[in-house]
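Dumped final-v3.pdb below, it's PDB, C-alpha atoms, pLDDT in the B column:
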```pdb
ATOM      1  CA  MET A 167     178.818 -69.187-101.882  1.00 49.00           C
ATOM      2  CA  GLN A 168     179.406 -71.964-104.441  1.00 52.00           C
ATOM      3  CA  TRP A 169     177.702 -71.121-107.722  1.00 46.00           C
ATOM      4  CA  ASP A 170     176.109 -73.741-109.960  1.00 52.00           C
ATOM      5  CA  PRO A 171     176.635 -72.617-113.575  1.00 50.00           C
ATOM      6  CA  THR A 172     174.172 -75.205-114.911  1.00 53.00           C
ATOM      7  CA  GLN A 173     171.307 -73.966-112.732  1.00 51.00           C
ATOM      8  CA  TYR A 174     172.155 -70.330-113.501  1.00 47.00           C
ATOM      9  CA  LEU A 175     172.165 -70.980-117.259  1.00 50.00           C
ATOM     10  CA  ARG A 176     168.797 -72.756-117.117  1.00 56.00           C
ATOM     11  CA  TYR A 177     167.190 -69.427-118.088  1.00 60.00           C
ATOM     12  CA  THR A 178     169.930 -68.198-120.397  1.00 69.00           C
ATOM     13  CA  ASP A 179     167.670 -66.285-122.793  1.00 79.00           C
ATOM     14  CA  GLU A 180     165.871 -64.419-120.013  1.00 82.00           C
ATOM     15  CA  ARG A 181     169.105 -63.489-118.238  1.00 81.00           C
ATOM     16  CA  LEU A 182     170.819 -62.526-121.495  1.00 88.00           C
ATOM     17  CA  ARG A 183     168.244 -59.995-122.698  1.00 92.00           C
ATOM     18  CA  PRO A 184     169.052 -57.194-120.200  1.00 94.00           C
ATOM     19  CA  ALA A 185     172.769 -57.796-120.808  1.00 95.00           C
ATOM     20  CA  LEU A 186     172.275 -57.176-124.517  1.00 93.00           C
ATOM     21  CA  ASP A 187     170.011 -54.184-123.878  1.00 95.00           C
ATOM     22  CA  LEU A 188     172.762 -52.608-121.792  1.00 97.00           C
ATOM     23  CA  MET A 189     175.486 -53.471-124.284  1.00 96.00           C
ATOM     24  CA  GLY A 190     173.510 -51.896-127.090  1.00 96.00           C
ATOM     25  CA  ARG A 191     173.534 -48.532-125.301  1.00 97.00           C
ATOM     26  CA  VAL A 192     177.316 -48.344-124.785  1.00 98.00           C
ATOM     27  CA  PRO A 193     178.544 -45.266-126.732  1.00 97.00           C
ATOM     28  CA  LEU A 194     181.943 -46.651-127.769  1.00 97.00           C
ATOM     29  CA  ASP A 195     183.111 -47.634-131.247  1.00 96.00           C
ATOM     30  CA  ALA A 196     186.447 -49.285-130.535  1.00 97.00           C
ATOM     31  CA  PRO A 197     187.342 -49.682-126.864  1.00 98.00           C
ATOM     32  CA  ALA A 198     190.805 -51.160-126.351  1.00 98.00           C
ATOM     33  CA  ARG A 199     190.366 -52.564-122.826  1.00 98.00           C
ATOM     34  CA  ILE A 200     187.148 -54.069-121.454  1.00 98.00           C
ATOM     35  CA  ALA A 201     186.420 -55.716-118.108  1.00 98.00           C
ATOM     36  CA  ASP A 202     183.339 -57.837-117.498  1.00 98.00           C
ATOM     37  CA  ILE A 203     182.873 -57.565-113.721  1.00 98.00           C
ATOM     38  CA  GLY A 204     181.023 -60.599-112.366  1.00 95.00           C
ATOM     39  CA  CYS A 205     181.352 -62.436-115.656  1.00 95.00           C
ATOM     40  CA  GLY A 206     179.801 -65.680-114.394  1.00 91.00           C
ATOM     41  CA  PRO A 207     179.853 -68.480-116.994  1.00 91.00           C
ATOM     42  CA  GLY A 208     181.295 -66.189-119.661  1.00 94.00           C
ATOM     43  CA  ASN A 209     178.395 -66.150-122.111  1.00 92.00           C
ATOM     44  CA  VAL A 210     178.182 -62.333-121.963  1.00 94.00           C
ATOM     45  CA  THR A 211     181.983 -61.982-121.951  1.00 97.00           C
ATOM     46  CA  ALA A 212     182.075 -63.853-125.252  1.00 95.00           C
ATOM     47  CA  ILE A 213     179.512 -61.456-126.737  1.00 94.00           C
ATOM     48  CA  LEU A 214     181.545 -58.454-125.558  1.00 97.00           C
ATOM     49  CA  ALA A 215     184.536 -59.901-127.421  1.00 97.00           C
ATOM     50  CA  GLN A 216     182.415 -60.425-130.546  1.00 96.00           C
ATOM     51  CA  ARG A 217     180.935 -56.930-130.315  1.00 96.00           C
ATOM     52  CA  TRP A 218     184.381 -55.321-130.037  1.00 97.00           C
ATOM     53  CA  PRO A 219     186.804 -57.817-131.644  1.00 96.00           C
ATOM     54  CA  GLY A 220     189.781 -55.487-131.329  1.00 96.00           C
ATOM     55  CA  ALA A 221     189.503 -55.181-127.563  1.00 98.00           C
ATOM     56  CA  ALA A 222     191.381 -57.029-124.845  1.00 98.00           C
ATOM     57  CA  VAL A 223     188.524 -58.436-122.741  1.00 98.00           C
ATOM     58  CA  THR A 224     188.990 -59.588-119.151  1.00 98.00           C
ATOM     59  CA  GLY A 225     186.327 -61.452-117.186  1.00 98.00           C
ATOM     60  CA  LEU A 226     186.392 -61.187-113.394  1.00 98.00           C
ATOM     61  CA  ASP A 227     184.448 -63.437-111.032  1.00 96.00           C
ATOM     62  CA  GLY A 228     184.793 -64.807-107.527  1.00 93.00           C
ATOM     63  CA  SER A 229     183.546 -68.302-108.428  1.00 91.00           C
ATOM     64  CA  ALA A 230     186.034 -70.893-109.677  1.00 93.00           C
ATOM     65  CA  ALA A 231     183.153 -73.034-110.995  1.00 90.00           C
ATOM     66  CA  MET A 232     181.833 -70.144-113.065  1.00 90.00           C
ATOM     67  CA  LEU A 233     185.293 -69.400-114.461  1.00 96.00           C
ATOM     68  CA  ASP A 234     185.793 -73.054-115.397  1.00 94.00           C
ATOM     69  CA  LYS A 235     182.660 -72.684-117.518  1.00 92.00           C
ATOM     70  CA  ALA A 236     183.712 -69.282-118.856  1.00 95.00           C
ATOM     71  CA  ARG A 237     187.136 -70.129-120.244  1.00 96.00           C
ATOM     72  CA  PRO A 238     185.926 -72.514-122.985  1.00 95.00           C
ATOM     73  CA  ALA A 239     182.909 -70.271-123.659  1.00 92.00           C
ATOM     74  CA  ALA A 240     185.166 -67.286-124.442  1.00 95.00           C
ATOM     75  CA  PRO A 241     188.613 -68.674-125.364  1.00 96.00           C
ATOM     76  CA  THR A 242     189.918 -65.338-126.667  1.00 96.00           C
ATOM     77  CA  CYS A 243     189.290 -63.613-123.329  1.00 98.00           C
ATOM     78  CA  ARG A 244     191.348 -63.512-120.153  1.00 98.00           C
ATOM     79  CA  PHE A 245     189.688 -64.601-116.911  1.00 98.00           C
ATOM     80  CA  VAL A 246     190.649 -63.707-113.362  1.00 97.00           C
ATOM     81  CA  GLN A 247     189.275 -64.950-110.049  1.00 97.00           C
ATOM     82  CA  GLY A 248     188.964 -62.104-107.592  1.00 96.00           C
ATOM     83  CA  SER A 249     186.800 -59.666-105.670  1.00 94.00           C
ATOM     84  CA  PHE A 250     184.860 -56.800-107.214  1.00 90.00           C
ATOM     85  CA  ALA A 251     185.950 -54.654-104.275  1.00 92.00           C
ATOM     86  CA  THR A 252     189.718 -55.109-104.627  1.00 94.00           C
ATOM     87  CA  TRP A 253     190.584 -56.095-108.212  1.00 96.00           C
ATOM     88  CA  THR A 254     192.593 -53.586-110.216  1.00 96.00           C
ATOM     89  CA  PRO A 255     193.282 -53.905-113.967  1.00 97.00           C
ATOM     90  CA  ASP A 256     196.782 -53.686-115.430  1.00 95.00           C
ATOM     91  CA  ALA A 257     195.799 -50.467-117.231  1.00 97.00           C
ATOM     92  CA  PRO A 258     192.822 -48.078-117.138  1.00 98.00           C
ATOM     93  CA  LEU A 259     189.666 -49.436-118.768  1.00 98.00           C
ATOM     94  CA  ASP A 260     187.747 -48.082-121.718  1.00 98.00           C
ATOM     95  CA  LEU A 261     184.663 -50.065-120.686  1.00 98.00           C
ATOM     96  CA  LEU A 262     183.754 -51.447-117.287  1.00 98.00           C
ATOM     97  CA  TYR A 263     180.730 -53.646-117.868  1.00 98.00           C
ATOM     98  CA  SER A 264     178.761 -55.525-115.210  1.00 98.00           C
ATOM     99  CA  ASN A 265     175.572 -57.501-115.744  1.00 95.00           C
ATOM    100  CA  ALA A 266     173.614 -58.662-112.659  1.00 93.00           C
ATOM    101  CA  ALA A 267     176.618 -58.910-110.336  1.00 94.00           C
ATOM    102  CA  LEU A 268     177.338 -55.786-108.279  1.00 96.00           C
ATOM    103  CA  HIS A 269     174.152 -56.128-106.198  1.00 93.00           C
ATOM    104  CA  TRP A 270     175.789 -59.061-104.397  1.00 89.00           C
ATOM    105  CA  LEU A 271     178.204 -56.662-102.740  1.00 92.00           C
ATOM    106  CA  GLY A 272     177.191 -53.941-100.276  1.00 92.00           C
ATOM    107  CA  GLY A 273     178.868 -50.606 -99.652  1.00 95.00           C
ATOM    108  CA  HIS A 274     177.987 -49.116-103.022  1.00 97.00           C
ATOM    109  CA  ASP A 275     178.718 -45.627-101.720  1.00 96.00           C
ATOM    110  CA  THR A 276     182.414 -46.592-101.752  1.00 96.00           C
ATOM    111  CA  LEU A 277     182.387 -49.390-104.362  1.00 97.00           C
ATOM    112  CA  PHE A 278     181.089 -47.317-107.269  1.00 97.00           C
ATOM    113  CA  PRO A 279     183.513 -44.391-106.884  1.00 96.00           C
ATOM    114  CA  ARG A 280     186.317 -46.965-106.734  1.00 96.00           C
ATOM    115  CA  LEU A 281     185.108 -48.588-109.971  1.00 97.00           C
ATOM    116  CA  LEU A 282     184.914 -45.204-111.667  1.00 97.00           C
ATOM    117  CA  GLY A 283     188.569 -44.727-110.746  1.00 96.00           C
ATOM    118  CA  LEU A 284     189.452 -47.753-112.906  1.00 98.00           C
ATOM    119  CA  LEU A 285     188.265 -45.975-116.067  1.00 98.00           C
ATOM    120  CA  ALA A 286     190.468 -44.177-118.558  1.00 98.00           C
ATOM    121  CA  PRO A 287     189.436 -40.635-119.548  1.00 97.00           C
ATOM    122  CA  GLY A 288     186.389 -41.007-121.755  1.00 97.00           C
ATOM    123  CA  GLY A 289     185.839 -44.523-120.435  1.00 98.00           C
ATOM    124  CA  VAL A 290     182.350 -45.907-119.851  1.00 98.00           C
ATOM    125  CA  ILE A 291     180.787 -47.709-116.899  1.00 98.00           C
ATOM    126  CA  ALA A 292     177.787 -49.859-117.832  1.00 98.00           C
ATOM    127  CA  VAL A 293     175.984 -51.644-115.000  1.00 98.00           C
ATOM    128  CA  GLN A 294     172.752 -53.612-114.695  1.00 98.00           C
ATOM    129  CA  MET A 295     171.408 -54.861-111.358  1.00 97.00           C
ATOM    130  CA  PRO A 296     168.156 -56.540-110.291  1.00 96.00           C
ATOM    131  CA  ALA A 297     165.877 -54.217-108.331  1.00 96.00           C
ATOM    132  CA  MET A 298     163.707 -56.875-106.680  1.00 95.00           C
ATOM    133  CA  HIS A 299     164.283 -56.395-102.951  1.00 92.00           C
ATOM    134  CA  THR A 300     160.639 -55.743-102.067  1.00 93.00           C
ATOM    135  CA  ALA A 301     159.173 -58.164-104.621  1.00 96.00           C
ATOM    136  CA  PRO A 302     157.688 -61.447-103.316  1.00 97.00           C
ATOM    137  CA  LEU A 303     160.506 -63.347-105.047  1.00 95.00           C
ATOM    138  CA  ARG A 304     163.028 -61.869-102.597  1.00 94.00           C
ATOM    139  CA  ALA A 305     160.915 -60.833 -99.600  1.00 94.00           C
ATOM    140  CA  LEU A 306     159.396 -64.275 -99.091  1.00 96.00           C
ATOM    141  CA  GLN A 307     162.840 -65.877 -98.962  1.00 95.00           C
ATOM    142  CA  HIS A 308     163.602 -64.037 -95.733  1.00 93.00           C
ATOM    143  CA  GLU A 309     160.109 -64.598 -94.349  1.00 95.00           C
ATOM    144  CA  VAL A 310     160.244 -68.359 -94.914  1.00 96.00           C
ATOM    145  CA  ALA A 311     163.827 -68.516 -93.651  1.00 95.00           C
ATOM    146  CA  ALA A 312     162.803 -66.973 -90.319  1.00 94.00           C
ATOM    147  CA  ASN A 313     159.820 -69.269 -89.737  1.00 93.00           C
ATOM    148  CA  GLY A 314     160.674 -72.942 -89.723  1.00 92.00           C
ATOM    149  CA  PRO A 315     162.931 -75.608 -88.220  1.00 94.00           C
ATOM    150  CA  TRP A 316     165.740 -74.295 -90.441  1.00 96.00           C
ATOM    151  CA  ALA A 317     165.656 -70.758 -88.951  1.00 95.00           C
ATOM    152  CA  GLU A 318     168.688 -71.175 -86.690  1.00 94.00           C
ATOM    153  CA  HIS A 319     170.808 -72.232 -89.669  1.00 94.00           C
ATOM    154  CA  LEU A 320     169.772 -69.233 -91.770  1.00 94.00           C
ATOM    155  CA  ILE A 321     170.282 -66.377 -89.300  1.00 91.00           C
ATOM    156  CA  ASP A 322     173.607 -65.350 -90.841  1.00 86.00           C
ATOM    157  CA  VAL A 323     172.793 -65.945 -94.506  1.00 88.00           C
ATOM    158  CA  ASP A 324     174.839 -63.575 -96.640  1.00 75.00           C
ATOM    159  CA  ALA A 325     172.113 -62.693 -99.146  1.00 78.00           C
ATOM    160  CA  ALA A 326     172.379 -59.829-101.612  1.00 82.00           C
ATOM    161  CA  PRO A 327     171.739 -56.533 -99.767  1.00 89.00           C
ATOM    162  CA  PRO A 328     169.247 -53.970-101.088  1.00 92.00           C
ATOM    163  CA  ILE A 329     170.649 -51.716-103.786  1.00 96.00           C
ATOM    164  CA  LEU A 330     170.369 -47.934-103.586  1.00 97.00           C
ATOM    165  CA  SER A 331     167.563 -45.886-105.110  1.00 97.00           C
ATOM    166  CA  PRO A 332     168.032 -44.456-108.626  1.00 98.00           C
ATOM    167  CA  ALA A 333     168.252 -40.965-107.113  1.00 98.00           C
ATOM    168  CA  ALA A 334     170.985 -42.095-104.720  1.00 98.00           C
ATOM    169  CA  TYR A 335     173.030 -43.533-107.578  1.00 98.00           C
ATOM    170  CA  TYR A 336     172.586 -40.284-109.491  1.00 98.00           C
ATOM    171  CA  ASP A 337     173.880 -38.223-106.566  1.00 98.00           C
ATOM    172  CA  LEU A 338     176.757 -40.676-106.050  1.00 97.00           C
ATOM    173  CA  LEU A 339     177.912 -40.963-109.668  1.00 97.00           C
ATOM    174  CA  ARG A 340     177.037 -37.713-111.432  1.00 97.00           C
ATOM    175  CA  PRO A 341     179.803 -35.547-109.894  1.00 95.00           C
ATOM    176  CA  HIS A 342     182.435 -37.936-111.310  1.00 94.00           C
ATOM    177  CA  LEU A 343     181.057 -38.283-114.844  1.00 97.00           C
ATOM    178  CA  ALA A 344     180.671 -36.207-117.979  1.00 97.00           C
ATOM    179  CA  SER A 345     177.311 -37.886-118.641  1.00 97.00           C
ATOM    180  CA  LEU A 346     175.033 -40.306-116.818  1.00 98.00           C
ATOM    181  CA  ASP A 347     171.952 -42.217-117.966  1.00 98.00           C
ATOM    182  CA  ILE A 348     169.801 -44.148-115.478  1.00 98.00           C
ATOM    183  CA  TRP A 349     166.711 -46.178-116.307  1.00 98.00           C
ATOM    184  CA  GLN A 350     164.632 -49.069-115.015  1.00 98.00           C
ATOM    185  CA  THR A 351     162.996 -51.821-117.045  1.00 97.00           C
ATOM    186  CA  THR A 352     160.550 -54.491-115.910  1.00 98.00           C
ATOM    187  CA  TYR A 353     160.935 -57.681-117.958  1.00 96.00           C
ATOM    188  CA  LEU A 354     157.971 -60.024-117.984  1.00 96.00           C
ATOM    189  CA  HIS A 355     159.606 -63.442-118.106  1.00 94.00           C
ATOM    190  CA  VAL A 356     157.403 -66.319-119.247  1.00 95.00           C
ATOM    191  CA  LEU A 357     158.678 -69.413-117.453  1.00 94.00           C
ATOM    192  CA  PRO A 358     157.692 -73.037-118.153  1.00 93.00           C
ATOM    193  CA  GLY A 359     157.215 -75.876-115.697  1.00 92.00           C
ATOM    194  CA  ALA A 360     155.994 -76.403-112.151  1.00 93.00           C
ATOM    195  CA  ASP A 361     157.243 -73.961-109.496  1.00 94.00           C
ATOM    196  CA  ALA A 362     159.160 -72.109-112.192  1.00 94.00           C
ATOM    197  CA  VAL A 363     159.915 -69.100-109.980  1.00 95.00           C
ATOM    198  CA  VAL A 364     161.527 -71.398-107.415  1.00 95.00           C
ATOM    199  CA  GLN A 365     163.716 -72.845-110.161  1.00 91.00           C
ATOM    200  CA  TRP A 366     164.649 -69.326-111.275  1.00 90.00           C
ATOM    201  CA  ALA A 367     165.540 -68.207-107.748  1.00 92.00           C
ATOM    202  CA  SER A 368     167.486 -71.411-107.030  1.00 89.00           C
ATOM    203  CA  GLY A 369     170.139 -70.271-109.491  1.00 82.00           C
ATOM    204  CA  THR A 370     170.579 -66.833-107.898  1.00 85.00           C
ATOM    205  CA  SER A 371     168.982 -65.193-104.844  1.00 89.00           C
ATOM    206  CA  LEU A 372     167.790 -68.408-103.162  1.00 92.00           C
ATOM    207  CA  LYS A 373     171.175 -70.075-103.341  1.00 89.00           C
ATOM    208  CA  PRO A 374     172.721 -68.530-100.193  1.00 90.00           C
ATOM    209  CA  PHE A 375     169.851 -70.031 -98.186  1.00 94.00           C
ATOM    210  CA  LEU A 376     170.090 -73.450 -99.839  1.00 93.00           C
ATOM    211  CA  ASP A 377     173.849 -73.611 -99.286  1.00 91.00           C
ATOM    212  CA  LYS A 378     173.269 -73.524 -95.516  1.00 93.00           C
ATOM    213  CA  LEU A 379     170.891 -76.508 -95.483  1.00 95.00           C
ATOM    214  CA  GLN A 380     171.083 -80.207 -96.242  1.00 93.00           C
ATOM    215  CA  GLY A 381     168.763 -83.163 -96.673  1.00 94.00           C
ATOM    216  CA  ARG A 382     165.239 -82.875 -95.299  1.00 94.00           C
ATOM    217  CA  GLN A 383     165.734 -79.345 -94.016  1.00 94.00           C
ATOM    218  CA  ARG A 384     166.839 -78.154 -97.433  1.00 94.00           C
ATOM    219  CA  GLN A 385     163.883 -79.803 -99.141  1.00 95.00           C
ATOM    220  CA  GLY A 386     161.515 -78.577 -96.440  1.00 96.00           C
ATOM    221  CA  PHE A 387     162.686 -75.006 -96.921  1.00 96.00           C
ATOM    222  CA  LEU A 388     162.279 -75.304-100.692  1.00 95.00           C
ATOM    223  CA  ASP A 389     158.754 -76.728-100.305  1.00 96.00           C
ATOM    224  CA  ALA A 390     157.766 -73.968 -97.875  1.00 97.00           C
ATOM    225  CA  TYR A 391     159.120 -71.272-100.173  1.00 97.00           C
ATOM    226  CA  ALA A 392     157.300 -72.782-103.146  1.00 97.00           C
ATOM    227  CA  GLU A 393     154.024 -72.842-101.223  1.00 97.00           C
ATOM    228  CA  ALA A 394     154.461 -69.248-100.057  1.00 97.00           C
ATOM    229  CA  ILE A 395     155.333 -67.894-103.486  1.00 97.00           C
ATOM    230  CA  ARG A 396     152.679 -69.618-105.618  1.00 97.00           C
ATOM    231  CA  PRO A 397     149.902 -67.058-104.886  1.00 97.00           C
ATOM    232  CA  ALA A 398     152.211 -64.210-105.942  1.00 97.00           C
ATOM    233  CA  TYR A 399     153.200 -65.923-109.209  1.00 98.00           C
ATOM    234  CA  PRO A 400     150.302 -68.219-110.163  1.00 97.00           C
ATOM    235  CA  ARG A 401     150.635 -70.638-113.027  1.00 96.00           C
ATOM    236  CA  ARG A 402     148.625 -69.488-116.046  1.00 97.00           C
ATOM    237  CA  PRO A 403     145.987 -71.658-117.790  1.00 97.00           C
ATOM    238  CA  ASP A 404     148.557 -72.641-120.438  1.00 97.00           C
ATOM    239  CA  GLY A 405     150.944 -73.910-117.760  1.00 96.00           C
ATOM    240  CA  MET A 406     153.346 -70.969-117.929  1.00 97.00           C
ATOM    241  CA  THR A 407     154.272 -68.636-115.057  1.00 97.00           C
ATOM    242  CA  LEU A 408     154.785 -64.882-115.452  1.00 97.00           C
ATOM    243  CA  LEU A 409     157.664 -63.357-113.498  1.00 97.00           C
ATOM    244  CA  PRO A 410     157.818 -59.534-113.588  1.00 97.00           C
ATOM    245  CA  PHE A 411     161.481 -58.732-112.984  1.00 97.00           C
ATOM    246  CA  GLN A 412     162.677 -55.152-112.539  1.00 97.00           C
ATOM    247  CA  ARG A 413     166.250 -54.158-113.319  1.00 97.00           C
ATOM    248  CA  LEU A 414     168.178 -50.916-112.815  1.00 98.00           C
ATOM    249  CA  PHE A 415     170.611 -49.701-115.496  1.00 98.00           C
ATOM    250  CA  LEU A 416     173.464 -47.226-114.999  1.00 98.00           C
ATOM    251  CA  LEU A 417     175.459 -45.909-117.966  1.00 98.00           C
ATOM    252  CA  GLY A 418     178.049 -43.208-117.496  1.00 98.00           C
ATOM    253  CA  THR A 419     181.025 -41.681-119.310  1.00 98.00           C
ATOM    254  CA  ARG A 420     184.075 -40.355-117.485  1.00 97.00           C
ATOM    255  CA  ALA A 421     185.268 -36.910-118.495  1.00 90.00           C
ATOM    256  CA  GLY A 422     188.007 -36.991-121.130  1.00 77.00           C
TER     257      GLY A 422
END
```
Kindly present the structure from the file in structure tokens form.
Amino acid sequence: MQWDPTQYLRYTDERLRPALDLMGRVPLDAPARIADIGCGPGNVTAILAQRWPGAAVTGLDGSAAMLDKARPAAPTCRFVQGSFATWTPDAPLDLLYSNAALHWLGGHDTLFPRLLGLLAPGGVIAVQMPAMHTAPLRALQHEVAANGPWAEHLIDVDAAPPILSPAAYYDLLRPHLASLDIWQTTYLHVLPGADAVVQWASGTSLKPFLDKLQGRQRQGFLDAYAEAIRPAYPRRPDGMTLLPFQRLFLLGTRAG
């Protein structure tokens, strides 16, 4: 999937808030080595470097376009193109941080124990992931994809798989950690403009579908999705649209 940093950053403030909420809960004073897993355009990576100026901060992402945006955004950081599932740091990490990235990869029952193995003793894993799989935003994408002239092109779309339940993450992570905090937050994003939820989704979860289509089929799919989603997220009298967006947070410390 080819990411569009400009479209993703269209809602920078809304996407940044959960990243900062997670960062504010990290119980470390002076970590030496930090990895931002799924760093995207580097705006959060730069804040990690500002928050802990003595740390060596590495940003990892699979998208060359995102990394091209990230390098000038965080010039003091190191950036690497690679896979979340296979990348290994040069030395154990004091902080493994990931904001809205790990949900794109399945197999969390093996991925998360592997990531914990990258931590130094006393190191912290801090993860935030959207928990929107049953929300109209996500569910209607698959429904519209299966019902239209574009259906045959979208059968094998590699969309983000459902994440595990909070209880499943607890059972998976707790045996490996000295402490574990799990919480969910629903952010009520106030979005301007016509079909604002479509614009939001076009930068993230809708993109795998759009990448498979061109021309009239692409526009037809977008129009059908917009029509299907409007009743779920109606425009308010002042022209704004409210998007309730739930996110799951995982914060754990490895035994020292």
Might you pull out every residue within 12 Å of stretch 389-405 of chain A, with only C-alpha atoms counted and same-chain residues fewer than 4 positions away left off, and present them as a ChimeraX atom specification? /A:301-316,354-368,372,375-376,382-385,409-411
Could you name the residues that touch A:His269 at 10 Å or less, counting all atoms listed in the file, but leaving out those on the same chain fewer than 6 positions away, as a ChimeraX atom specification? /A:294-297,325-330
Suppose you want the space between atom CA of A:Leu268 and atom CA of A:Ala317; what is it in Å? 27.1 Å
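One distance worth recording is that between atom CA of A:Asp377 and atom CA of A:Thr352, which is 28.6 Å.
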If the PyMOL selection byres ((chain A and resi 348) around 8) were run on this exact file, what residues would it hold? Put them as a CSV table (one decimal) with C-alpha atoms, in the coordinates of the input.
```
chain,number,residue,atom,x,y,z
A,332,PRO,CA,168.0,-44.5,-108.6
A,336,TYR,CA,172.6,-40.3,-109.5
A,346,LEU,CA,175.0,-40.3,-116.8
A,347,ASP,CA,172.0,-42.2,-118.0
A,349,TRP,CA,166.7,-46.2,-116.3
A,350,GLN,CA,164.6,-49.1,-115.0
A,414,LEU,CA,168.2,-50.9,-112.8
A,415,PHE,CA,170.6,-49.7,-115.5
A,416,LEU,CA,173.5,-47.2,-115.0
A,417,LEU,CA,175.5,-45.9,-118.0
```
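Between atom CA of A:Arg244 and atom CA of A:Gly225 lies a distance of 6.2 Å.
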